Amino acid sequence: MSALNVAVLCGSLQRPSRTLVLCEALLARLGKHREIVPQMFEISQFGRAMGACLQRSELPVEILEHLHSVATADILIAASPVYSATYTGMFKHFIDFMSMDSLAGKPTFLAATGGSALHGLMVDQQMRPLLAMKQALTLPLGIYATEADFTDYCITSLGLENRIALAVKMALPFLPENA
């Protein structure tokens, strides 16, 4: 079995980031089951350059390469903090630059972080349709974490750890055997 190329699209606009910590925890758990080669794409690191672009033809080469890497990965982890009851605008802007079938059949973990449990449905009501629009195979269990699940940007919630483990376990049958 060959290593899985895992693209992580982290929609957080800042560092440090609980959303990035959640992505890293998903990667670590996935790595306990399969050999992985992760690629991290953090909006906080290239969002300003991308935000100045209205057309794909205006994008810098670096961001075009990010889009290509996400589209050609074996698996995607798509994560965003919740702002104004939805994913970040820059996360959406990145997804908007992808072609309609660029994620066709790609197993995709959905994850989000927010200040309270009140935004927990954002994963299923907003992220899932957005990624499905690009034909992604969104995996069964989305992961949502609140500020209470972290202490000093470290996961301290057994409940969150268990949800991550369950999400990965439920995803295993959907992952490619030979990447």
# chains A, B, ... in the order shown; residues from 1 in each chain; ligands from 1

$ select_by_dssp --residues "segment 95-127 of chain A" --states "strand (DSSP E)" --output "ChimeraX atom specification"
/A:107-114

$ residues_around --residues "Arg15 of chain A" --least-positions-apart "2" --cutoff "12 Å" --atoms "only C-alpha atoms" --output "list of chain:residue names"
A:Cys10, A:Gly11, A:Ser12, A:Leu13, A:Ser17, A:Arg18, A:Thr19, A:Leu20, A:Val21, A:Glu42, A:Ile43, A:Ser44, A:Gln45, A:Tyr153

$ write_last_selection --atoms "C-alpha atoms" --output "mmCIF file, in the first residue's frame"
data_model
loop_
_atom_site.group_PDB
_atom_site.id
_atom_site.type_symbol
_atom_site.label_atom_id
_atom_site.label_comp_id
_atom_site.auth_asym_id
_atom_site.auth_seq_id
_atom_site.Cartn_x
_atom_site.Cartn_y
_atom_site.Cartn_z
ATOM 1 C CA CYS A 10 -6.920 25.422 6.591
ATOM 2 C CA GLY A 11 -9.182 28.455 6.268
ATOM 3 C CA SER A 12 -7.941 30.186 9.397
ATOM 4 C CA LEU A 13 -6.825 33.768 8.899
ATOM 5 C CA SER A 17 -4.926 28.692 15.065
ATOM 6 C CA ARG A 18 -7.171 26.139 16.752
ATOM 7 C CA THR A 19 -8.362 25.172 13.287
ATOM 8 C CA LEU A 20 -4.799 24.308 12.278
ATOM 9 C CA VAL A 21 -4.386 22.285 15.499
ATOM 10 C CA GLU A 42 -2.914 27.765 5.174
ATOM 11 C CA ILE A 43 -5.038 30.686 4.042
ATOM 12 C CA SER A 44 -3.272 32.796 6.683
ATOM 13 C CA GLN A 45 -0.058 32.408 4.684
ATOM 14 C CA TYR A 153 -3.860 25.807 21.294
#

$ closest_residue --among "A:Met170, A:Leu59, A:Leu175, A:Ala73" --to "Gly47 of chain A" --atoms "only C-alpha atoms"
A:Leu59

$ residues_around --residues "Val37 of chain A" --least-positions-apart "4" --cutoff "6 Å" --atoms "only C-alpha atoms" --output "mmCIF file with N, CA and C atoms, in the first residue's frame"
data_model
loop_
_atom_site.group_PDB
_atom_site.id
_atom_site.type_symbol
_atom_site.label_atom_id
_atom_site.label_comp_id
_atom_site.auth_asym_id
_atom_site.auth_seq_id
_atom_site.Cartn_x
_atom_site.Cartn_y
_atom_site.Cartn_z
ATOM 1 N N LEU A 4 -0.553 7.891 1.149
ATOM 2 C CA LEU A 4 -1.626 8.764 0.679
ATOM 3 C C LEU A 4 -1.169 10.211 0.705
ATOM 4 N N ASN A 5 -1.389 10.902 -0.387
ATOM 5 C CA ASN A 5 -1.095 12.322 -0.469
ATOM 6 C C ASN A 5 -2.305 13.061 0.120
ATOM 7 N N VAL A 6 -2.118 13.697 1.261
ATOM 8 C CA VAL A 6 -3.208 14.373 1.968
ATOM 9 C C VAL A 6 -3.005 15.885 1.894
#

$ residues_around --residues "segment 30-33 of chain A" --least-positions-apart "2" --cutoff "12 Å" --atoms "only C-alpha atoms" --output "VMD selection string"
chain A and resid 1 3 to 6 23 to 28 35 to 38 75 to 77 109 164 to 173 175 177

$ write_last_selection --atoms "N, CA and C atoms" --output "compact mmCIF listing (two decimals), in the first residue's frame"
# COMPACT_ATOMS: atom_id res chain seq x y z
N MET A 1 0.85 -1.18 0.00
CA MET A 1 0.00 0.00 0.00
C MET A 1 0.89 1.24 0.00
N ALA A 3 1.80 5.41 0.13
CA ALA A 3 1.43 6.54 0.99
C ALA A 3 0.34 7.36 0.32
N LEU A 4 -0.55 7.89 1.15
CA LEU A 4 -1.63 8.76 0.68
C LEU A 4 -1.17 10.21 0.71
N ASN A 5 -1.39 10.90 -0.39
CA ASN A 5 -1.09 12.32 -0.47
C ASN A 5 -2.30 13.06 0.12
N VAL A 6 -2.12 13.70 1.26
CA VAL A 6 -3.21 14.37 1.97
C VAL A 6 -3.01 15.89 1.89
N CYS A 23 -6.67 20.32 12.32
CA CYS A 23 -6.17 19.68 11.09
C CYS A 23 -4.99 18.76 11.39
N GLU A 24 -4.07 19.23 12.21
CA GLU A 24 -2.90 18.43 12.55
C GLU A 24 -3.30 17.18 13.33
N ALA A 25 -4.31 17.29 14.18
CA ALA A 25 -4.79 16.13 14.94
C ALA A 25 -5.44 15.11 14.00
N LEU A 26 -6.18 15.59 13.02
CA LEU A 26 -6.77 14.68 12.02
C LEU A 26 -5.66 13.96 11.24
N LEU A 27 -4.64 14.72 10.82
CA LEU A 27 -3.51 14.11 10.11
C LEU A 27 -2.83 13.05 10.97
N ALA A 28 -2.60 13.36 12.24
CA ALA A 28 -1.93 12.42 13.13
C ALA A 28 -2.75 11.14 13.29
N GLU A 35 -0.01 5.23 5.84
CA GLU A 35 1.15 6.10 5.63
C GLU A 35 0.66 7.30 4.82
N ILE A 36 1.03 8.51 5.28
CA ILE A 36 0.55 9.72 4.61
C ILE A 36 1.71 10.65 4.28
N VAL A 37 1.47 11.46 3.26
CA VAL A 37 2.38 12.55 2.90
C VAL A 37 1.52 13.81 2.93
N PRO A 38 1.62 14.59 4.00
CA PRO A 38 0.75 15.78 4.11
C PRO A 38 1.30 17.00 3.37
N ILE A 75 -6.55 12.68 -0.76
CA ILE A 75 -7.53 13.01 0.29
C ILE A 75 -7.41 14.50 0.57
N LEU A 76 -8.52 15.09 0.97
CA LEU A 76 -8.53 16.50 1.37
C LEU A 76 -9.07 16.62 2.79
N ILE A 77 -8.42 17.43 3.58
CA ILE A 77 -8.97 17.89 4.86
C ILE A 77 -9.29 19.35 4.65
N PHE A 109 -12.46 15.18 4.36
CA PHE A 109 -12.84 15.42 5.75
C PHE A 109 -13.30 16.86 5.87
N ILE A 164 -12.57 12.78 16.60
CA ILE A 164 -11.54 12.68 15.56
C ILE A 164 -11.28 11.21 15.24
N ALA A 165 -11.11 10.40 16.27
CA ALA A 165 -10.86 8.97 16.07
C ALA A 165 -12.03 8.31 15.32
N LEU A 166 -13.25 8.65 15.69
CA LEU A 166 -14.42 8.08 15.04
C LEU A 166 -14.52 8.54 13.59
N ALA A 167 -14.25 9.81 13.33
CA ALA A 167 -14.30 10.33 11.96
C ALA A 167 -13.32 9.59 11.06
N VAL A 168 -12.12 9.37 11.56
CA VAL A 168 -11.11 8.66 10.77
C VAL A 168 -11.52 7.20 10.58
N LYS A 169 -11.99 6.57 11.63
CA LYS A 169 -12.43 5.17 11.53
C LYS A 169 -13.55 5.03 10.49
N MET A 170 -14.51 5.94 10.51
CA MET A 170 -15.61 5.89 9.56
C MET A 170 -15.15 6.20 8.14
N ALA A 171 -14.05 6.92 7.99
CA ALA A 171 -13.54 7.30 6.68
C ALA A 171 -12.72 6.20 6.02
N LEU A 172 -12.14 5.32 6.78
CA LEU A 172 -11.20 4.33 6.24
C LEU A 172 -11.74 3.56 5.04
N PRO A 173 -12.99 3.10 5.05
CA PRO A 173 -13.48 2.37 3.87
C PRO A 173 -13.55 3.21 2.58
N LEU A 175 -11.21 5.48 1.69
CA LEU A 175 -9.87 5.93 1.27
C LEU A 175 -9.29 5.00 0.21
N GLU A 177 -6.99 2.51 -1.72
CA GLU A 177 -6.05 1.48 -1.25
C GLU A 177 -4.66 1.74 -1.82

$ atom_distance --atom1 "atom CA of Ala148 of chain A" --atom2 "atom CA of Phe46 of chain A"
28.3 Å

$ residues_around --residues "segment 124-134 of chain A" --least-positions-apart "5" --cutoff "10 Å" --atoms "only C-alpha atoms" --output "short mmCIF file (atom, residue, chain, number, x, y, z; two decimals) with N, CA and C atoms, in the first residue's frame"
data_model
loop_
_atom_site.label_atom_id
_atom_site.label_comp_id
_atom_site.auth_asym_id
_atom_site.auth_seq_id
_atom_site.Cartn_x
_atom_site.Cartn_y
_atom_site.Cartn_z
N ALA A 78 -10.58 19.68 4.70
CA ALA A 78 -11.03 21.06 4.51
C ALA A 78 -11.55 21.57 5.84
N ALA A 79 -10.94 22.63 6.34
CA ALA A 79 -11.30 23.12 7.68
C ALA A 79 -11.33 24.64 7.70
N SER A 80 -12.23 25.17 8.51
CA SER A 80 -12.34 26.62 8.64
C SER A 80 -12.84 26.98 10.02
N ALA A 85 -21.19 33.01 11.38
CA ALA A 85 -22.01 31.81 11.20
C ALA A 85 -21.66 30.98 9.97
N THR A 86 -20.46 31.16 9.37
CA THR A 86 -20.07 30.36 8.22
C THR A 86 -18.55 30.25 8.14
N TYR A 87 -18.06 29.59 7.09
CA TYR A 87 -16.62 29.47 6.86
C TYR A 87 -16.06 30.86 6.49
N LYS A 92 -13.71 30.28 1.18
CA LYS A 92 -14.66 30.21 0.06
C LYS A 92 -14.02 30.72 -1.23
N ILE A 95 -11.91 27.99 -2.71
CA ILE A 95 -12.78 26.96 -3.30
C ILE A 95 -13.39 27.47 -4.61
N ASP A 96 -13.75 28.75 -4.65
CA ASP A 96 -14.33 29.32 -5.86
C ASP A 96 -13.38 29.25 -7.05
N MET A 98 -11.49 26.80 -7.76
CA MET A 98 -11.38 25.42 -8.23
C MET A 98 -12.46 25.15 -9.27
N SER A 99 -12.15 24.32 -10.25
CA SER A 99 -13.15 24.00 -11.28
C SER A 99 -14.26 23.14 -10.68
N MET A 100 -15.37 23.07 -11.37
CA MET A 100 -16.56 22.41 -10.83
C MET A 100 -16.35 20.93 -10.51
N ASP A 101 -15.49 20.25 -11.23
CA ASP A 101 -15.28 18.83 -10.96
C ASP A 101 -13.87 18.54 -10.43
N SER A 102 -13.21 19.55 -9.92
CA SER A 102 -11.81 19.39 -9.50
C SER A 102 -11.64 18.46 -8.31
N LEU A 103 -12.69 18.26 -7.54
CA LEU A 103 -12.60 17.37 -6.38
C LEU A 103 -13.42 16.09 -6.58
N ALA A 104 -13.75 15.78 -7.82
CA ALA A 104 -14.64 14.65 -8.12
C ALA A 104 -14.17 13.35 -7.47
N GLY A 105 -15.00 12.85 -6.57
CA GLY A 105 -14.73 11.58 -5.91
C GLY A 105 -13.66 11.61 -4.84
N LYS A 106 -13.10 12.79 -4.56
CA LYS A 106 -12.02 12.89 -3.57
C LYS A 106 -12.57 12.77 -2.16
N THR A 108 -13.10 13.61 1.40
CA THR A 108 -12.87 14.92 2.00
C THR A 108 -13.39 14.96 3.43
N PHE A 109 -12.46 15.18 4.36
CA PHE A 109 -12.84 15.42 5.75
C PHE A 109 -13.30 16.86 5.87
N LEU A 110 -14.36 17.09 6.61
CA LEU A 110 -14.86 18.44 6.89
C LEU A 110 -14.65 18.73 8.36
N ALA A 111 -14.11 19.90 8.67
CA ALA A 111 -13.85 20.26 10.06
C ALA A 111 -14.00 21.76 10.24
N ALA A 112 -14.40 22.15 11.44
CA ALA A 112 -14.54 23.57 11.75
C ALA A 112 -14.34 23.80 13.24
N LEU A 139 -16.83 13.00 3.57
CA LEU A 139 -16.84 11.82 4.45
C LEU A 139 -17.95 11.94 5.49
N PRO A 140 -18.41 10.81 6.02
CA PRO A 140 -19.63 10.78 6.82
C PRO A 140 -19.67 11.69 8.05
N LEU A 141 -18.59 11.76 8.78
CA LEU A 141 -18.63 12.50 10.04
C LEU A 141 -17.76 13.74 9.99
N GLY A 142 -18.39 14.91 10.03
CA GLY A 142 -17.65 16.17 10.14
C GLY A 142 -17.24 16.38 11.58
N ILE A 143 -16.20 17.14 11.79
CA ILE A 143 -15.70 17.41 13.14
C ILE A 143 -15.84 18.89 13.44
N TYR A 144 -16.48 19.19 14.55
CA TYR A 144 -16.63 20.57 14.99
C TYR A 144 -16.06 20.66 16.40
#

$ atom_distance --atom1 "atom CA of Glu161 of chain A" --atom2 "atom CA of Phe94 of chain A"
28.3 Å

$ closest_residue --among "A:Thr72, A:Gln39, A:Ser2, A:Ser84" --to "His119 of chain A" --atoms "only C-alpha atoms"
A:Ser84

$ select_by_dssp --residues "segment 23-103 of chain A" --states "alpha helix (DSSP H)" --output "count of residues only"
38
